[in-house]
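Reproduced below: run-v3.cif, with mmCIF, C-alpha atoms; chains and numbers go by the auth columns.
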```cif
data_my_file
#
loop_
_atom_site.group_PDB
_atom_site.id
_atom_site.type_symbol
_atom_site.label_atom_id
_atom_site.label_comp_id
_atom_site.label_asym_id
_atom_site.label_seq_id
_atom_site.Cartn_x
_atom_site.Cartn_y
_atom_site.Cartn_z
_atom_site.B_iso_or_equiv
_atom_site.auth_seq_id
_atom_site.auth_asym_id
ATOM 1 C CA MET A 1 87.724 87.353 112.985 0.00 1 S
ATOM 2 C CA THR A 2 85.890 89.014 115.838 0.00 2 S
ATOM 3 C CA PRO A 3 84.147 92.254 114.867 0.00 3 S
ATOM 4 C CA SER A 4 86.166 94.427 117.264 0.00 4 S
ATOM 5 C CA ILE A 5 89.498 93.218 115.868 0.00 5 S
ATOM 6 C CA GLN A 6 88.220 93.558 112.306 0.00 6 S
ATOM 7 C CA GLU A 7 86.934 97.064 113.054 0.00 7 S
ATOM 8 C CA SER A 8 90.231 98.039 114.678 0.00 8 S
ATOM 9 C CA LEU A 9 92.170 96.792 111.653 0.00 9 S
ATOM 10 C CA GLY A 10 89.823 98.794 109.418 0.00 10 S
ATOM 11 C CA THR A 11 90.375 101.906 111.529 0.00 11 S
ATOM 12 C CA LEU A 12 94.140 101.453 111.389 0.00 12 S
ATOM 13 C CA ARG A 13 93.991 101.099 107.602 0.00 13 S
ATOM 14 C CA GLU A 14 91.816 104.210 107.320 0.00 14 S
ATOM 15 C CA ASN A 15 94.249 106.212 109.451 0.00 15 S
ATOM 16 C CA VAL A 16 97.216 105.093 107.359 0.00 16 S
ATOM 17 C CA ASP A 17 95.291 105.948 104.168 0.00 17 S
ATOM 18 C CA ARG A 18 94.446 109.420 105.526 0.00 18 S
ATOM 19 C CA PHE A 19 98.073 110.017 106.440 0.00 19 S
ATOM 20 C CA MET A 20 99.171 108.894 102.967 0.00 20 S
ATOM 21 C CA ALA A 21 96.607 111.204 101.339 0.00 21 S
ATOM 22 C CA LEU A 22 97.825 114.114 103.452 0.00 22 S
ATOM 23 C CA CYS A 23 101.452 113.430 102.546 0.00 23 S
ATOM 24 C CA LEU A 24 100.602 113.060 98.870 0.00 24 S
ATOM 25 C CA ALA A 25 98.777 116.398 98.967 0.00 25 S
ATOM 26 C CA ARG A 26 101.759 118.095 100.598 0.00 26 S
ATOM 27 C CA HIS A 27 104.537 116.360 98.659 0.00 27 S
ATOM 28 C CA ARG A 28 102.972 115.187 95.369 0.00 28 S
ATOM 29 C CA GLU A 29 105.798 116.634 93.265 0.00 29 S
ATOM 30 C CA ALA A 30 108.400 114.762 95.340 0.00 30 S
ATOM 31 C CA MET A 31 106.628 111.385 95.307 0.00 31 S
ATOM 32 C CA ALA A 32 106.782 108.976 92.386 0.00 32 S
ATOM 33 C CA CYS A 33 103.970 106.799 93.783 0.00 33 S
ATOM 34 C CA ARG A 34 101.298 106.510 91.118 0.00 34 S
ATOM 35 C CA ALA A 35 98.950 103.895 89.732 0.00 35 S
ATOM 36 C CA GLY A 36 101.053 101.444 87.785 0.00 36 S
ATOM 37 C CA CYS A 37 104.250 101.913 89.840 0.00 37 S
ATOM 38 C CA ALA A 38 105.246 98.563 91.288 0.00 38 S
ATOM 39 C CA SER A 39 108.768 99.296 92.500 0.00 39 S
ATOM 40 C CA CYS A 40 107.914 98.228 96.047 0.00 40 S
ATOM 41 C CA CYS A 41 106.033 95.049 95.130 0.00 41 S
ATOM 42 C CA ALA A 42 108.566 92.407 96.142 0.00 42 S
ATOM 43 C CA ALA A 43 108.084 88.727 95.424 0.00 43 S
ATOM 44 C CA ASP A 44 108.004 87.316 98.934 0.00 44 S
ATOM 45 C CA LEU A 45 106.123 89.765 101.145 0.00 45 S
ATOM 46 C CA THR A 46 104.512 88.490 104.332 0.00 46 S
ATOM 47 C CA VAL A 47 101.725 89.713 106.599 0.00 47 S
ATOM 48 C CA PHE A 48 100.381 88.827 110.015 0.00 48 S
ATOM 49 C CA PRO A 49 97.411 86.420 109.977 0.00 49 S
ATOM 50 C CA VAL A 50 95.140 89.275 111.109 0.00 50 S
ATOM 51 C CA GLU A 51 95.716 90.825 107.673 0.00 51 S
ATOM 52 C CA ALA A 52 95.803 87.500 105.822 0.00 52 S
ATOM 53 C CA ALA A 53 92.123 86.791 106.555 0.00 53 S
ATOM 54 C CA PRO A 54 90.740 89.877 104.745 0.00 54 S
ATOM 55 C CA LEU A 55 93.248 89.378 101.924 0.00 55 S
ATOM 56 C CA ALA A 56 92.072 85.792 101.460 0.00 56 S
ATOM 57 C CA ALA A 57 88.466 86.988 101.316 0.00 57 S
ATOM 58 C CA ALA A 58 89.435 89.602 98.719 0.00 58 S
ATOM 59 C CA VAL A 59 91.205 86.971 96.589 0.00 59 S
ATOM 60 C CA ASP A 60 88.149 84.721 96.867 0.00 60 S
ATOM 61 C CA ALA A 61 85.944 87.599 95.649 0.00 61 S
ATOM 62 C CA LEU A 62 87.982 88.115 92.457 0.00 62 S
ATOM 63 C CA SER A 63 86.632 86.999 89.108 0.00 63 S
ATOM 64 C CA ASP A 64 87.715 83.512 88.067 0.00 64 S
ATOM 65 C CA ASP A 65 90.113 84.939 85.450 0.00 65 S
ATOM 66 C CA LEU A 66 91.731 87.417 87.810 0.00 66 S
ATOM 67 C CA ARG A 67 92.029 84.840 90.592 0.00 67 S
ATOM 68 C CA ALA A 68 93.701 82.466 88.101 0.00 68 S
ATOM 69 C CA ALA A 69 96.166 85.209 87.121 0.00 69 S
ATOM 70 C CA VAL A 70 96.957 85.883 90.791 0.00 70 S
ATOM 71 C CA ARG A 71 97.539 82.177 91.420 0.00 71 S
ATOM 72 C CA ALA A 72 99.753 81.857 88.353 0.00 72 S
ATOM 73 C CA ARG A 73 101.916 84.736 89.581 0.00 73 S
ATOM 74 C CA ALA A 74 102.082 83.184 93.047 0.00 74 S
ATOM 75 C CA ALA A 75 103.163 79.839 91.598 0.00 75 S
ATOM 76 C CA ALA A 76 105.789 81.529 89.407 0.00 76 S
ATOM 77 C CA GLY A 77 107.232 83.420 92.386 0.00 77 S
ATOM 78 C CA THR A 78 107.798 86.588 90.407 0.00 78 S
ATOM 79 C CA HIS A 79 107.000 89.941 91.957 0.00 79 S
ATOM 80 C CA CYS A 80 103.982 90.177 94.247 0.00 80 S
ATOM 81 C CA ALA A 81 101.373 87.524 93.502 0.00 81 S
ATOM 82 C CA LEU A 82 98.632 90.127 93.885 0.00 82 S
ATOM 83 C CA LEU A 83 100.117 92.373 91.188 0.00 83 S
ATOM 84 C CA VAL A 84 98.406 91.701 87.854 0.00 84 S
ATOM 85 C CA ASP A 85 99.058 93.839 84.788 0.00 85 S
ATOM 86 C CA GLY A 86 100.899 96.396 86.936 0.00 86 S
ATOM 87 C CA ARG A 87 98.034 96.874 89.397 0.00 87 S
ATOM 88 C CA CYS A 88 97.101 95.349 92.738 0.00 88 S
ATOM 89 C CA ALA A 89 94.247 92.889 92.226 0.00 89 S
ATOM 90 C CA VAL A 90 93.023 93.454 95.798 0.00 90 S
ATOM 91 C CA TYR A 91 93.908 97.143 96.188 0.00 91 S
ATOM 92 C CA ALA A 92 91.062 97.979 98.601 0.00 92 S
ATOM 93 C CA ALA A 93 92.129 95.103 100.883 0.00 93 S
ATOM 94 C CA ARG A 94 95.907 95.599 100.539 0.00 94 S
ATOM 95 C CA PRO A 95 97.865 95.189 103.775 0.00 95 S
ATOM 96 C CA ILE A 96 99.308 97.966 105.931 0.00 96 S
ATOM 97 C CA LEU A 97 102.778 97.240 104.517 0.00 97 S
ATOM 98 C CA CYS A 98 101.579 98.162 101.039 0.00 98 S
ATOM 99 C CA ARG A 99 99.627 101.198 102.258 0.00 99 S
ATOM 100 C CA THR A 100 102.777 102.733 103.750 0.00 100 S
ATOM 101 C CA GLN A 101 105.056 102.316 100.753 0.00 101 S
ATOM 102 C CA GLY A 102 106.353 105.609 99.469 0.00 102 S
ATOM 103 C CA LEU A 103 105.986 107.468 102.745 0.00 103 S
ATOM 104 C CA ALA A 104 108.914 108.895 104.647 0.00 104 S
ATOM 105 C CA LEU A 105 109.331 106.450 107.537 0.00 105 S
ATOM 106 C CA ALA A 106 110.791 107.544 110.866 0.00 106 S
ATOM 107 C CA LEU A 107 112.886 104.629 112.128 0.00 107 S
ATOM 108 C CA ASP A 108 113.891 103.728 115.698 0.00 108 S
ATOM 109 C CA ASP A 109 117.483 104.794 115.190 0.00 109 S
ATOM 110 C CA GLY A 110 116.437 108.339 114.282 0.00 110 S
ATOM 111 C CA THR A 111 116.956 107.911 110.558 0.00 111 S
ATOM 112 C CA VAL A 112 114.331 108.413 107.889 0.00 112 S
ATOM 113 C CA ALA A 113 113.794 105.946 105.047 0.00 113 S
ATOM 114 C CA ALA A 114 111.670 106.038 101.899 0.00 114 S
ATOM 115 C CA CYS A 115 111.481 104.609 98.430 0.00 115 S
ATOM 116 C CA PRO A 116 114.561 105.890 96.584 0.00 116 S
ATOM 117 C CA LEU A 117 112.239 107.193 93.854 0.00 117 S
ATOM 118 C CA ASN A 118 110.633 109.614 96.323 0.00 118 S
ATOM 119 C CA PHE A 119 111.841 112.860 97.867 0.00 119 S
ATOM 120 C CA ASP A 120 114.804 113.080 95.479 0.00 120 S
ATOM 121 C CA GLY A 121 116.437 110.290 97.475 0.00 121 S
ATOM 122 C CA ALA A 122 116.590 112.526 100.580 0.00 122 S
ATOM 123 C CA PRO A 123 113.661 111.574 102.840 0.00 123 S
ATOM 124 C CA GLU A 124 115.369 113.228 105.810 0.00 124 S
ATOM 125 C CA ARG A 125 114.267 116.562 104.293 0.00 125 S
ATOM 126 C CA VAL A 126 110.612 115.615 104.859 0.00 126 S
ATOM 127 C CA PRO A 127 109.265 117.578 107.863 0.00 127 S
ATOM 128 C CA PRO A 128 108.854 115.426 111.001 0.00 128 S
ATOM 129 C CA GLU A 129 105.049 115.810 110.972 0.00 129 S
ATOM 130 C CA ASP A 130 104.978 114.154 107.525 0.00 130 S
ATOM 131 C CA ARG A 131 107.026 111.128 108.560 0.00 131 S
ATOM 132 C CA LEU A 132 105.230 107.945 109.538 0.00 132 S
ATOM 133 C CA ASP A 133 106.470 106.616 112.878 0.00 133 S
ATOM 134 C CA LEU A 134 107.102 103.027 111.851 0.00 134 S
ATOM 135 C CA SER A 135 107.582 101.731 115.409 0.00 135 S
ATOM 136 C CA ARG A 136 104.203 103.041 116.546 0.00 136 S
ATOM 137 C CA LEU A 137 102.462 101.626 113.496 0.00 137 S
ATOM 138 C CA ASN A 138 104.141 98.236 113.927 0.00 138 S
ATOM 139 C CA LEU A 139 103.206 98.217 117.615 0.00 139 S
ATOM 140 C CA MET A 140 99.529 98.825 116.817 0.00 140 S
ATOM 141 C CA LEU A 141 99.505 96.174 114.104 0.00 141 S
ATOM 142 C CA SER A 142 101.338 93.712 116.350 0.00 142 S
ATOM 143 C CA MET A 143 98.798 94.242 119.148 0.00 143 S
ATOM 144 C CA LEU A 144 95.924 93.574 116.742 0.00 144 S
ATOM 145 C CA HIS A 145 97.696 90.482 115.495 0.00 145 S
ATOM 146 C CA ARG A 146 98.258 89.097 119.000 0.00 146 S
ATOM 147 C CA ALA A 147 94.624 89.650 119.920 0.00 147 S
ATOM 148 C CA TYR A 148 93.555 87.946 116.693 0.00 148 S
ATOM 149 C CA ALA A 149 95.946 85.015 117.144 0.00 149 S
ATOM 150 C CA THR A 150 94.743 84.535 120.725 0.00 150 S
ATOM 151 C CA VAL A 151 91.027 84.712 119.878 0.00 151 S
ATOM 152 C CA GLU A 152 91.345 82.492 116.808 0.00 152 S
ATOM 153 C CA GLY A 153 93.812 80.099 118.451 0.00 153 S
ATOM 154 C CA ILE A 154 96.273 80.273 115.572 0.00 154 S
ATOM 155 C CA PRO A 155 100.062 80.513 115.438 0.00 155 S
ATOM 156 C CA GLU A 156 101.654 83.929 115.285 0.00 156 S
ATOM 157 C CA ASP A 157 103.716 83.119 112.180 0.00 157 S
ATOM 158 C CA ARG A 158 103.587 85.568 109.307 0.00 158 S
ATOM 159 C CA VAL A 159 101.873 84.461 106.094 0.00 159 S
ATOM 160 C CA ARG A 160 103.312 84.829 102.592 0.00 160 S
ATOM 161 C CA LEU A 161 101.078 86.728 100.146 0.00 161 S
ATOM 162 C CA ALA A 162 101.807 83.993 97.614 0.00 162 S
ATOM 163 C CA ASP A 163 100.462 81.371 100.037 0.00 163 S
ATOM 164 C CA ILE A 164 97.260 83.385 100.493 0.00 164 S
ATOM 165 C CA ALA A 165 96.851 83.449 96.717 0.00 165 S
ATOM 166 C CA LEU A 166 97.552 79.728 96.304 0.00 166 S
ATOM 167 C CA ARG A 167 95.239 78.382 98.993 0.00 167 S
ATOM 168 C CA PRO A 168 91.933 76.906 97.842 0.00 168 S
ATOM 169 C CA SER A 169 88.964 79.266 97.658 0.00 169 S
ATOM 170 C CA PHE A 170 86.052 78.739 99.998 0.00 170 S
#
```

Would you kindly transcribe this structure into structure tokens?
Amino acid sequence: MTPSIQESLGTLRENVDRFMALCLARHREAMACRAGCASCCAADLTVFPVEAAPLAAAVDALSDDLRAAVRARAAAGTHCALLVDGRCAVYAARPILCRTQGLALALDDGTVAACPLNFDGAPERVPPEDRLDLSRLNLMLSMLHRAYATVEGIPEDRVRLADIALRPSF
């Protein structure tokens, strides 16, 4: 991955993390998101290749035992392959999708969505400044992905997290 695309992805992740931290500080009592909660960790999540590359590197950097556990989960197809013992095995490298879980998300149609465990099931009560504009975030991530796909000469298909876990290490 070219340094500028990698840096831009890192900046986007940092901004999402800052926004999450701000929202957690303001709404901690209304958010169930905590270490060990895996309600949003679905079995067949996908990411753009621009995020798959750092995830693959993070999987490769795991200990042999942890990497084996991740691969076993991927092969079994149960819950997220990267979720081992209730925790993300590659938390620092987790994709944008995972970093936004739990937030109140402003959708294109004017509605607000969030994990049903958060905000007493009423995310529309979250003030507008504490809602993540999902369209803007997706646009930024999509632009990074297109630049990456063009530079690397790869297809624009999304990549399953399980497939990242199951590919051979380098």

Would you write out, as CSV, a table of all residues in range 42-130 of chain S that have an atom no more than 12 Å from an atom of range 24-37 of chain S, listing for each the closest atom pair and the distance in Å to one decimal, considering only C-alpha atoms and ordering rows by chain and rising residue number?
```
residue,atom,partner,partner_atom,distance
S:Leu83,CA,S:Gly36,CA,9.7
S:Val84,CA,S:Gly36,CA,10.1
S:Asp85,CA,S:Gly36,CA,8.4
S:Gly86,CA,S:Gly36,CA,5.1
S:Arg87,CA,S:Gly36,CA,5.7
S:Cys88,CA,S:Gly36,CA,8.8
S:Ala89,CA,S:Gly36,CA,11.8
S:Tyr91,CA,S:Ala35,CA,10.6
S:Cys98,CA,S:Cys33,CA,11.5
S:Arg99,CA,S:Cys33,CA,11.0
S:Thr100,CA,S:Cys33,CA,10.8
S:Gln101,CA,S:Cys33,CA,8.4
S:Gly102,CA,S:Cys33,CA,6.3
S:Leu103,CA,S:Met31,CA,8.4
S:Ala104,CA,S:Met31,CA,9.9
S:Ala114,CA,S:Met31,CA,9.9
S:Cys115,CA,S:Ala32,CA,8.8
S:Pro116,CA,S:Ala32,CA,9.4
S:Leu117,CA,S:Ala32,CA,5.9
S:Asn118,CA,S:Met31,CA,4.5
S:Phe119,CA,S:Ala30,CA,4.7
S:Asp120,CA,S:Ala30,CA,6.6
S:Gly121,CA,S:Ala30,CA,9.4
S:Ala122,CA,S:Ala30,CA,10.0
S:Pro123,CA,S:Ala30,CA,9.7
S:Arg125,CA,S:Ala30,CA,10.9
S:Val126,CA,S:His27,CA,8.7
S:Pro127,CA,S:His27,CA,10.4
S:Glu129,CA,S:Arg26,CA,11.1
S:Asp130,CA,S:Arg26,CA,8.6
```

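For the atom pair formed by CA of Leu97 in chain S and CA of Arg71 in chain S, the distance is 20.6 Å, given to one decimal.
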
For each of S:Pro95, S:Gly10, S:Gly110, S:Pro49, take the minimum atom-to-atom distance to Tyr148 in chain S, counting only C-alpha atoms, then give the residue where this is smallest. S:Pro49

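The residues returned by the PyMOL selection byres ((chain S and resi 58) around 10) on the shown structure are Ala52, Ala53, Pro54, Leu55, Ala56, Ala57, Val59, Asp60, Ala61, Leu62, Arg67, Ala89, Val90, Tyr91, Ala92, Ala93, Arg94 and Ala165 of chain S.
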
To box range 96-115 of chain S, take all atoms listed in the file, fit an axis-aligned box, add 3 Å on each side, and give centre and edge lengths in Å to one decimal, as JSON.
```
{"center_x": 108.4, "center_y": 103.1, "center_z": 107.1, "size_x": 24.2, "size_y": 17.7, "size_z": 23.3}
```

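Across S:Val151, S:Ile96, S:Glu51, S:Asp44, the tightest approach to Arg73 in chain S is made by S:Asp44 when counting all atoms listed in the file.
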
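The shortest atom-to-atom distance to Leu22 in chain S, with all atoms listed in the file taken into account, belongs to S:Arg131 out of S:Pro168, S:Asp108, S:Asp65, S:Arg131.
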
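Using all atoms listed in the file, the shortest contact distance between Ser8 in chain S and any of S:Leu144, S:Cys23, S:Ala74, S:Cys41 is found at S:Leu144.
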
Could you tell me which residues the PyMOL selection byres ((chain S and resi 75) around 12) grabs in this file, written as a ChimeraX atom specification? /S:43-44,68-74,76-82,161-167

Answer key for the PyMOL selection byres ((chain S and resi 47) around 6), residues as a PyMOL selection string: chain S and resi 46+48+158-159

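Counting only C-alpha atoms and comparing S:Ile5, S:Ala106, S:Ala42, S:Leu66, the residue that lies closest to Leu137 in chain S is S:Ala106.
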
Pick the closest to Ser135 in chain S from S:Leu9, S:Val112, S:Leu107, S:Ala149: which is it, counting only C-alpha atoms? S:Leu107

Pairwise distance, CA of Ser142 in chain S with CA of Leu105 in chain S, equals 17.4 Å

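For the atom pair formed by CA of Leu12 in chain S and CA of Ser63 in chain S, the distance is 27.6 Å, given to one decimal.
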